[in-house]
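A.B. asks: The following file, entry.cif, comprises mmCIF, C-alpha atoms, pLDDT in the B column; chains and numbers go by the auth columns:
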data_protein
loop_
_atom_site.group_PDB
_atom_site.id
_atom_site.type_symbol
_atom_site.label_atom_id
_atom_site.label_comp_id
_atom_site.label_asym_id
_atom_site.label_seq_id
_atom_site.Cartn_x
_atom_site.Cartn_y
_atom_site.Cartn_z
_atom_site.B_iso_or_equiv
_atom_site.auth_seq_id
_atom_site.auth_asym_id
ATOM 1 C CA MET A 1 -195.663 13.460 117.923 38.00 207 A
ATOM 2 C CA SER A 2 -198.836 14.184 119.887 44.00 208 A
ATOM 3 C CA LYS A 3 -199.122 13.395 123.609 48.00 209 A
ATOM 4 C CA LYS A 4 -201.944 10.985 122.781 48.00 210 A
ATOM 5 C CA HIS A 5 -199.750 9.085 120.322 48.00 211 A
ATOM 6 C CA LYS A 6 -196.867 8.972 122.825 50.00 212 A
ATOM 7 C CA ASN A 7 -199.184 7.412 125.415 52.00 213 A
ATOM 8 C CA TYR A 8 -200.442 4.946 122.825 53.00 214 A
ATOM 9 C CA ARG A 9 -196.891 3.920 121.975 56.00 215 A
ATOM 10 C CA GLU A 10 -195.942 3.541 125.627 51.00 216 A
ATOM 11 C CA ASP A 11 -199.067 1.476 126.344 50.00 217 A
ATOM 12 C CA LEU A 12 -198.375 -0.702 123.324 56.00 218 A
ATOM 13 C CA PHE A 13 -194.804 -1.515 124.233 52.00 219 A
ATOM 14 C CA ALA A 14 -195.666 -2.065 127.889 46.00 220 A
ATOM 15 C CA GLY A 15 -198.292 -4.655 126.996 48.00 221 A
ATOM 16 C CA ILE A 16 -196.780 -6.567 124.098 62.00 222 A
ATOM 17 C CA THR A 17 -193.549 -8.424 124.713 72.00 223 A
ATOM 18 C CA THR A 18 -190.797 -8.892 122.159 83.00 224 A
ATOM 19 C CA PRO A 19 -187.421 -10.043 123.583 84.00 225 A
ATOM 20 C CA VAL A 20 -185.589 -6.740 123.125 84.00 226 A
ATOM 21 C CA LYS A 21 -182.880 -5.731 125.587 83.00 227 A
ATOM 22 C CA GLU A 22 -183.094 -2.506 127.534 81.00 228 A
ATOM 23 C CA GLY A 23 -181.611 0.486 125.723 81.00 229 A
ATOM 24 C CA ALA A 24 -181.769 -1.205 122.314 80.00 230 A
ATOM 25 C CA ASN A 25 -183.054 1.960 120.679 83.00 231 A
ATOM 26 C CA ASN A 26 -180.432 4.272 122.162 88.00 232 A
ATOM 27 C CA ILE A 27 -178.218 3.565 119.150 92.00 233 A
ATOM 28 C CA PRO A 28 -179.080 5.667 116.044 94.00 234 A
ATOM 29 C CA ASP A 29 -179.961 3.744 112.881 95.00 235 A
ATOM 30 C CA GLU A 30 -176.835 4.888 111.045 96.00 236 A
ATOM 31 C CA LYS A 31 -174.600 3.630 113.844 96.00 237 A
ATOM 32 C CA LYS A 32 -176.477 0.305 113.924 96.00 238 A
ATOM 33 C CA MET A 33 -175.913 -0.097 110.176 97.00 239 A
ATOM 34 C CA GLN A 34 -172.223 0.683 110.557 97.00 240 A
ATOM 35 C CA LEU A 35 -171.788 -1.918 113.298 97.00 241 A
ATOM 36 C CA ILE A 36 -173.834 -4.585 111.488 98.00 242 A
ATOM 37 C CA GLU A 37 -171.922 -3.969 108.246 98.00 243 A
ATOM 38 C CA GLY A 38 -168.666 -4.895 109.972 98.00 244 A
ATOM 39 C CA LYS A 39 -170.135 -8.057 111.503 98.00 245 A
ATOM 40 C CA ILE A 40 -171.647 -9.219 108.198 98.00 246 A
ATOM 41 C CA ALA A 41 -168.302 -8.633 106.481 98.00 247 A
ATOM 42 C CA ASP A 42 -166.686 -10.850 109.120 98.00 248 A
ATOM 43 C CA VAL A 43 -169.240 -13.627 108.557 98.00 249 A
ATOM 44 C CA LEU A 44 -168.818 -13.553 104.776 98.00 250 A
ATOM 45 C CA ASP A 45 -165.033 -13.511 105.172 98.00 251 A
ATOM 46 C CA ILE A 46 -165.159 -16.541 107.489 98.00 252 A
ATOM 47 C CA LEU A 47 -167.285 -18.337 104.880 98.00 253 A
ATOM 48 C CA GLY A 48 -164.445 -17.748 102.423 98.00 254 A
ATOM 49 C CA LEU A 49 -166.069 -15.176 100.129 98.00 255 A
ATOM 50 C CA ASP A 50 -163.933 -12.572 98.376 98.00 256 A
ATOM 51 C CA LEU A 51 -165.333 -9.206 99.473 97.00 257 A
ATOM 52 C CA GLN A 52 -163.151 -7.438 96.920 96.00 258 A
ATOM 53 C CA ASP A 53 -165.223 -8.963 94.124 97.00 259 A
ATOM 54 C CA ASP A 54 -167.484 -6.438 92.386 96.00 260 A
ATOM 55 C CA SER A 55 -170.592 -8.472 93.161 97.00 261 A
ATOM 56 C CA LEU A 56 -169.841 -8.854 96.880 97.00 262 A
ATOM 57 C CA ARG A 57 -168.133 -5.588 97.772 96.00 263 A
ATOM 58 C CA GLY A 58 -171.362 -3.815 98.726 97.00 264 A
ATOM 59 C CA THR A 59 -173.106 -6.807 100.300 98.00 265 A
ATOM 60 C CA PRO A 60 -172.303 -6.077 103.980 98.00 266 A
ATOM 61 C CA ARG A 61 -173.689 -2.546 103.673 98.00 267 A
ATOM 62 C CA ARG A 62 -176.757 -3.720 101.749 98.00 268 A
ATOM 63 C CA VAL A 63 -177.522 -6.360 104.374 98.00 269 A
ATOM 64 C CA ALA A 64 -177.042 -3.892 107.221 98.00 270 A
ATOM 65 C CA LYS A 65 -179.399 -1.384 105.605 98.00 271 A
ATOM 66 C CA MET A 66 -181.953 -4.118 104.905 98.00 272 A
ATOM 67 C CA PHE A 67 -181.871 -5.270 108.546 98.00 273 A
ATOM 68 C CA VAL A 68 -182.298 -1.804 110.066 97.00 274 A
ATOM 69 C CA LYS A 69 -184.498 -0.013 107.523 97.00 275 A
ATOM 70 C CA GLU A 70 -186.587 -2.858 106.130 97.00 276 A
ATOM 71 C CA ILE A 71 -187.017 -6.353 107.531 97.00 277 A
ATOM 72 C CA PHE A 72 -186.375 -5.412 111.194 96.00 278 A
ATOM 73 C CA ARG A 73 -187.762 -1.872 111.148 95.00 279 A
ATOM 74 C CA GLY A 74 -190.508 -2.976 113.536 93.00 280 A
ATOM 75 C CA LEU A 75 -187.952 -3.143 116.365 91.00 281 A
ATOM 76 C CA ASN A 76 -187.786 0.649 116.406 90.00 282 A
ATOM 77 C CA PRO A 77 -190.783 2.217 118.197 87.00 283 A
ATOM 78 C CA ASP A 78 -190.258 5.395 116.150 89.00 284 A
ATOM 79 C CA ASN A 79 -191.576 3.421 113.170 92.00 285 A
ATOM 80 C CA LEU A 80 -194.875 2.623 114.858 89.00 286 A
ATOM 81 C CA PRO A 81 -197.599 3.883 112.481 89.00 287 A
ATOM 82 C CA LYS A 82 -199.883 6.642 113.703 86.00 288 A
ATOM 83 C CA LEU A 83 -203.174 4.969 114.508 81.00 289 A
ATOM 84 C CA SER A 84 -205.477 7.798 115.483 80.00 290 A
ATOM 85 C CA SER A 85 -209.032 6.487 115.565 86.00 291 A
ATOM 86 C CA PHE A 86 -212.137 8.563 114.907 89.00 292 A
ATOM 87 C CA GLU A 87 -215.740 8.496 115.980 92.00 293 A
ATOM 88 C CA ASN A 88 -218.065 5.949 114.390 90.00 294 A
ATOM 89 C CA LYS A 89 -220.585 8.653 113.471 90.00 295 A
ATOM 90 C CA TYR A 90 -222.398 6.452 110.973 89.00 296 A
ATOM 91 C CA LYS A 91 -223.145 3.916 113.748 90.00 297 A
ATOM 92 C CA TYR A 92 -221.790 0.934 111.812 91.00 298 A
ATOM 93 C CA GLY A 93 -222.507 -1.923 114.204 90.00 299 A
ATOM 94 C CA GLU A 94 -221.354 -5.081 112.412 93.00 300 A
ATOM 95 C CA MET A 95 -217.852 -6.499 112.280 95.00 301 A
ATOM 96 C CA LEU A 96 -215.327 -4.981 109.909 96.00 302 A
ATOM 97 C CA VAL A 97 -213.023 -7.494 108.235 96.00 303 A
ATOM 98 C CA GLU A 98 -209.746 -6.762 106.445 96.00 304 A
ATOM 99 C CA LYS A 99 -208.629 -10.006 104.820 96.00 305 A
ATOM 100 C CA ASP A 100 -205.649 -11.250 102.806 96.00 306 A
ATOM 101 C CA ILE A 101 -203.217 -8.726 104.298 97.00 307 A
ATOM 102 C CA SER A 102 -199.704 -9.566 103.096 97.00 308 A
ATOM 103 C CA VAL A 103 -197.341 -10.730 105.839 98.00 309 A
ATOM 104 C CA PHE A 104 -193.581 -10.580 105.345 98.00 310 A
ATOM 105 C CA SER A 105 -191.707 -11.495 108.511 98.00 311 A
ATOM 106 C CA THR A 106 -188.565 -13.274 109.700 98.00 312 A
ATOM 107 C CA CYS A 107 -188.293 -16.366 111.880 96.00 313 A
ATOM 108 C CA GLU A 108 -186.301 -15.444 114.983 95.00 314 A
ATOM 109 C CA HIS A 109 -184.811 -18.946 115.248 95.00 315 A
ATOM 110 C CA HIS A 110 -183.068 -19.107 111.862 96.00 316 A
ATOM 111 C CA LEU A 111 -183.565 -15.589 110.432 96.00 317 A
ATOM 112 C CA LEU A 112 -185.369 -17.002 107.406 97.00 318 A
ATOM 113 C CA PRO A 113 -188.520 -15.508 105.853 97.00 319 A
ATOM 114 C CA ILE A 114 -192.099 -16.053 106.965 97.00 320 A
ATOM 115 C CA ILE A 115 -194.513 -15.261 104.125 98.00 321 A
ATOM 116 C CA GLY A 116 -198.288 -15.366 104.297 97.00 322 A
ATOM 117 C CA LYS A 117 -201.588 -13.587 104.887 98.00 323 A
ATOM 118 C CA ALA A 118 -203.354 -12.093 107.881 98.00 324 A
ATOM 119 C CA HIS A 119 -207.108 -11.705 108.311 98.00 325 A
ATOM 120 C CA VAL A 120 -208.200 -9.143 110.891 98.00 326 A
ATOM 121 C CA ALA A 121 -211.630 -8.155 112.216 98.00 327 A
ATOM 122 C CA TYR A 122 -213.037 -5.857 114.861 97.00 328 A
ATOM 123 C CA ILE A 123 -216.416 -4.700 116.132 97.00 329 A
ATOM 124 C CA SER A 124 -216.517 -0.984 116.882 94.00 330 A
ATOM 125 C CA SER A 125 -217.241 0.200 120.396 93.00 331 A
ATOM 126 C CA GLY A 126 -217.569 3.756 119.105 93.00 332 A
ATOM 127 C CA ARG A 127 -214.205 4.228 117.350 91.00 333 A
ATOM 128 C CA VAL A 128 -213.027 3.216 113.861 92.00 334 A
ATOM 129 C CA LEU A 129 -209.695 3.184 112.024 92.00 335 A
ATOM 130 C CA GLY A 130 -208.790 4.044 108.454 90.00 336 A
ATOM 131 C CA LEU A 131 -208.480 0.737 106.609 89.00 337 A
ATOM 132 C CA SER A 132 -204.816 1.149 105.682 93.00 338 A
ATOM 133 C CA LYS A 133 -203.953 1.474 109.373 94.00 339 A
ATOM 134 C CA ILE A 134 -204.877 -2.171 109.923 96.00 340 A
ATOM 135 C CA ASN A 135 -202.460 -3.221 107.180 96.00 341 A
ATOM 136 C CA ARG A 136 -199.780 -0.954 108.635 95.00 342 A
ATOM 137 C CA ILE A 137 -200.037 -2.429 112.126 95.00 343 A
ATOM 138 C CA VAL A 138 -199.745 -5.956 110.684 97.00 344 A
ATOM 139 C CA ASP A 139 -196.664 -4.930 108.714 97.00 345 A
ATOM 140 C CA TYR A 140 -195.108 -3.097 111.665 95.00 346 A
ATOM 141 C CA PHE A 141 -195.164 -6.118 113.973 95.00 347 A
ATOM 142 C CA ALA A 142 -194.162 -8.467 111.163 97.00 348 A
ATOM 143 C CA ARG A 143 -190.996 -6.437 110.519 96.00 349 A
ATOM 144 C CA ARG A 144 -188.968 -7.930 113.335 95.00 350 A
ATOM 145 C CA PRO A 145 -187.625 -11.370 114.266 95.00 351 A
ATOM 146 C CA GLN A 146 -190.829 -13.227 115.103 96.00 352 A
ATOM 147 C CA VAL A 147 -192.655 -16.339 116.086 96.00 353 A
ATOM 148 C CA GLN A 148 -196.069 -16.522 114.446 97.00 354 A
ATOM 149 C CA GLU A 149 -197.985 -17.008 117.688 96.00 355 A
ATOM 150 C CA ARG A 150 -196.564 -13.779 119.136 94.00 356 A
ATOM 151 C CA LEU A 151 -197.216 -11.852 115.937 96.00 357 A
ATOM 152 C CA THR A 152 -200.877 -12.876 115.967 97.00 358 A
ATOM 153 C CA VAL A 153 -201.324 -11.749 119.580 95.00 359 A
ATOM 154 C CA GLN A 154 -199.464 -8.479 119.000 94.00 360 A
ATOM 155 C CA ILE A 155 -201.746 -7.515 116.125 95.00 361 A
ATOM 156 C CA VAL A 156 -204.842 -8.093 118.270 95.00 362 A
ATOM 157 C CA LYS A 157 -203.491 -6.228 121.299 93.00 363 A
ATOM 158 C CA ALA A 158 -202.359 -3.261 119.204 92.00 364 A
ATOM 159 C CA LEU A 159 -205.776 -2.886 117.611 94.00 365 A
ATOM 160 C CA GLN A 160 -207.519 -3.264 120.969 93.00 366 A
ATOM 161 C CA ILE A 161 -205.494 -0.319 122.275 91.00 367 A
ATOM 162 C CA ALA A 162 -205.990 1.795 119.149 91.00 368 A
ATOM 163 C CA LEU A 163 -209.732 1.103 118.905 93.00 369 A
ATOM 164 C CA GLN A 164 -210.508 1.025 122.628 92.00 370 A
ATOM 165 C CA THR A 165 -212.353 -2.273 122.255 94.00 371 A
ATOM 166 C CA GLU A 166 -211.835 -5.880 123.314 96.00 372 A
ATOM 167 C CA ASP A 167 -213.619 -7.161 120.209 97.00 373 A
ATOM 168 C CA VAL A 168 -210.735 -7.958 117.840 98.00 374 A
ATOM 169 C CA ALA A 169 -209.703 -11.141 116.017 98.00 375 A
ATOM 170 C CA CYS A 170 -206.761 -12.149 113.850 98.00 376 A
ATOM 171 C CA ILE A 171 -205.828 -15.245 111.849 98.00 377 A
ATOM 172 C CA VAL A 172 -202.383 -15.616 110.265 98.00 378 A
ATOM 173 C CA ASP A 173 -201.699 -18.275 107.607 97.00 379 A
ATOM 174 C CA ALA A 174 -198.036 -18.418 106.619 97.00 380 A
ATOM 175 C CA LYS A 175 -195.198 -20.473 105.211 97.00 381 A
ATOM 176 C CA HIS A 176 -191.922 -20.621 107.138 96.00 382 A
ATOM 177 C CA LEU A 177 -188.827 -20.963 104.991 94.00 383 A
ATOM 178 C CA CYS A 178 -187.013 -22.568 107.915 92.00 384 A
ATOM 179 C CA LEU A 179 -189.299 -25.549 107.186 91.00 385 A
ATOM 180 C CA VAL A 180 -189.148 -25.194 103.404 91.00 386 A
ATOM 181 C CA SER A 181 -185.455 -24.585 102.684 92.00 387 A
ATOM 182 C CA ARG A 182 -183.771 -26.484 105.525 90.00 388 A
ATOM 183 C CA GLY A 183 -184.477 -29.158 108.118 88.00 389 A
ATOM 184 C CA ILE A 184 -187.563 -31.140 107.132 91.00 390 A
ATOM 185 C CA LYS A 185 -187.797 -29.306 103.752 91.00 391 A
ATOM 186 C CA ASP A 186 -191.590 -29.496 103.627 90.00 392 A
ATOM 187 C CA ILE A 187 -192.745 -27.274 100.767 91.00 393 A
ATOM 188 C CA THR A 188 -196.488 -27.923 101.107 91.00 394 A
ATOM 189 C CA SER A 189 -197.417 -27.217 104.737 90.00 395 A
ATOM 190 C CA SER A 190 -198.426 -23.850 106.161 94.00 396 A
ATOM 191 C CA THR A 191 -198.942 -22.641 109.722 96.00 397 A
ATOM 192 C CA LEU A 192 -202.209 -21.140 110.982 97.00 398 A
ATOM 193 C CA THR A 193 -202.550 -19.192 114.208 97.00 399 A
ATOM 194 C CA ALA A 194 -205.583 -17.402 115.602 97.00 400 A
ATOM 195 C CA GLU A 195 -206.317 -14.982 118.422 97.00 401 A
ATOM 196 C CA TYR A 196 -209.925 -14.218 119.363 97.00 402 A
ATOM 197 C CA ALA A 197 -210.864 -11.622 121.967 97.00 403 A
ATOM 198 C CA GLY A 198 -214.054 -10.119 123.352 97.00 404 A
ATOM 199 C CA LYS A 199 -217.149 -10.991 121.322 97.00 405 A
ATOM 200 C CA PHE A 200 -215.044 -13.181 119.021 98.00 406 A
ATOM 201 C CA LYS A 201 -214.877 -15.740 121.845 97.00 407 A
ATOM 202 C CA ASN A 202 -218.529 -16.404 120.979 97.00 408 A
ATOM 203 C CA PRO A 203 -218.637 -19.384 118.556 97.00 409 A
ATOM 204 C CA GLU A 204 -221.332 -17.754 116.393 97.00 410 A
ATOM 205 C CA VAL A 205 -219.390 -14.499 116.004 97.00 411 A
ATOM 206 C CA ARG A 206 -216.236 -16.467 115.248 96.00 412 A
ATOM 207 C CA LYS A 207 -218.124 -18.495 112.646 96.00 413 A
ATOM 208 C CA GLU A 208 -219.280 -15.278 110.958 97.00 414 A
ATOM 209 C CA PHE A 209 -215.674 -14.023 110.817 97.00 415 A
ATOM 210 C CA LEU A 210 -214.519 -17.283 109.244 96.00 416 A
ATOM 211 C CA ARG A 211 -217.344 -17.083 106.709 96.00 417 A
ATOM 212 C CA TYR A 212 -216.289 -13.560 105.729 95.00 418 A
ATOM 213 C CA ILE A 213 -212.643 -14.472 105.154 94.00 419 A
ATOM 214 C CA ASN A 214 -213.651 -17.434 103.010 90.00 420 A
ATOM 215 C CA THR A 215 -215.943 -15.301 100.824 85.00 421 A
ATOM 216 C CA ASP A 216 -214.718 -14.955 97.254 79.00 422 A
ATOM 217 C CA THR A 217 -214.438 -11.225 96.596 73.00 423 A
ATOM 218 C CA LYS A 218 -214.084 -9.910 93.052 70.00 424 A
ATOM 219 C CA PHE A 219 -212.977 -6.430 92.073 66.00 425 A
ATOM 220 C CA ILE A 220 -211.569 -4.460 89.162 61.00 426 A
ATOM 221 C CA VAL A 221 -208.299 -2.514 89.329 60.00 427 A
#
Would you kindly transcribe this structure into structure tokens?
C.D. replies:
Amino acid sequence: MSKKHKNYREDLFAGITTPVKEGANNIPDEKKMQLIEGKIADVLDILGLDLQDDSLRGTPRRVAKMFVKEIFRGLNPDNLPKLSSFENKYKYGEMLVEKDISVFSTCEHHLLPIIGKAHVAYISSGRVLGLSKINRIVDYFARRPQVQERLTVQIVKALQIALQTEDVACIVDAKHLCLVSRGIKDITSSTLTAEYAGKFKNPEVRKEFLRYINTDTKFIV
């Protein structure tokens, strides 16, 4: 890992707070999976499930692997995507918008899924990112126990650091299965959060961003 990327990672984790205890990443992934497997087996046993059944025998290991390698992989700073920016040689001066980015996250209160879309925009101050990097940073911060407000802010702050600009905006529109499958059981509502920074605090710039994300784009694949 380059020195520049190390500094970026350190800056990112110093400035964006997720409630992670000190030393959390001193345990290797394999050891984490081993420990979680035992705890999940205990939970399923307490619920009365027969872990000797063919269908259930591998469940504790599958859940442990899913937690560490998939849905909570964003807790490990080693999984932070490389976000090297490059010079905006073509002098593109308007906002760049990446819309309808898939969001798959997990509510930290009930450990149930959050599913939705993110819309991200920035105005270059001289640096640009490869488009897939925006999607990767959204996915990285989504892959941890989350609240949607924090996720929205984290995406903006990460891109500000990577792009060396204040001019970043993000809107997240998502459904929370803790509302859908339990409690109030509301299957129709969704939650919208927004974070506007720099030039996006200007109502006219914000209006342009909103117009872009509501534009119907058609393409062939």
A.B. asks: With the file shown as input, list the residues that the PyMOL selection byres ((chain A and resi 312-318) around 6) selects, as a list of chain:residue names.
C.D. replies: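 Expected selection for the PyMOL selection byres ((chain A and resi 312-318) around 6) here is A:Ser311, A:Pro319, A:Ile320, A:Pro351, A:Gln352, A:Leu383, A:Cys384.
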A.B. asks: Let me see the file: selected residues, C-alpha atoms, as a CSV table (one decimal), in the frame of the given file.
C.D. replies:
chain,number,residue,atom,x,y,z
A,311,SER,CA,-191.7,-11.5,108.5
A,319,PRO,CA,-188.5,-15.5,105.9
A,320,ILE,CA,-192.1,-16.1,107.0
A,351,PRO,CA,-187.6,-11.4,114.3
A,352,GLN,CA,-190.8,-13.2,115.1
A,383,LEU,CA,-188.8,-21.0,105.0
A,384,CYS,CA,-187.0,-22.6,107.9
A.B. asks: Applying the PyMOL selection byres ((chain A and resi 273) around 12) to the file I just gave you, which residues come out? Please list them as a PyMOL selection string.
C.D. replies: chain A and resi 235-236+238-243+246+266-272+274-282+311-312+317+349-351
A.B. asks: Evaluated on this file, the PyMOL selection byres ((chain A and resi 294-306) around 7) picks out some residues - which ones are they, written as a list in words?
C.D. replies: Phe292, Glu293, Ile307, Ser308, Lys323, Ala324, His325, Val326, Ala327, Tyr328, Ile329, Ser330, Gly332, Arg333, Val334 and Ile419 of chain A
A.B. asks: Leaving out Thr399 (chain A) and any residue of its chain fewer than 3 positions from it, which residues lie within 9 Å of it when counting only C-alpha atoms, given as a ChimeraX atom specification?
C.D. replies: /A:354-355,358,376-380
A.B. asks: CA of Ala247 (chain A) and CA of Lys381 (chain A), how far apart in Å?
C.D. replies: 29.4 Å
A.B. asks: In Å to one decimal, how far is CA of Lys245 (chain A) from CA of Gly264 (chain A)?
C.D. replies: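 Calculated distance between CA of Gly264 (chain A) and CA of Lys245 (chain A) is 13.5 Å.
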A.B. asks: Take CA of Leu253 (chain A) and CA of Ala348 (chain A) and report the distance between them in Å, one decimal.
C.D. replies: 29.3 Å
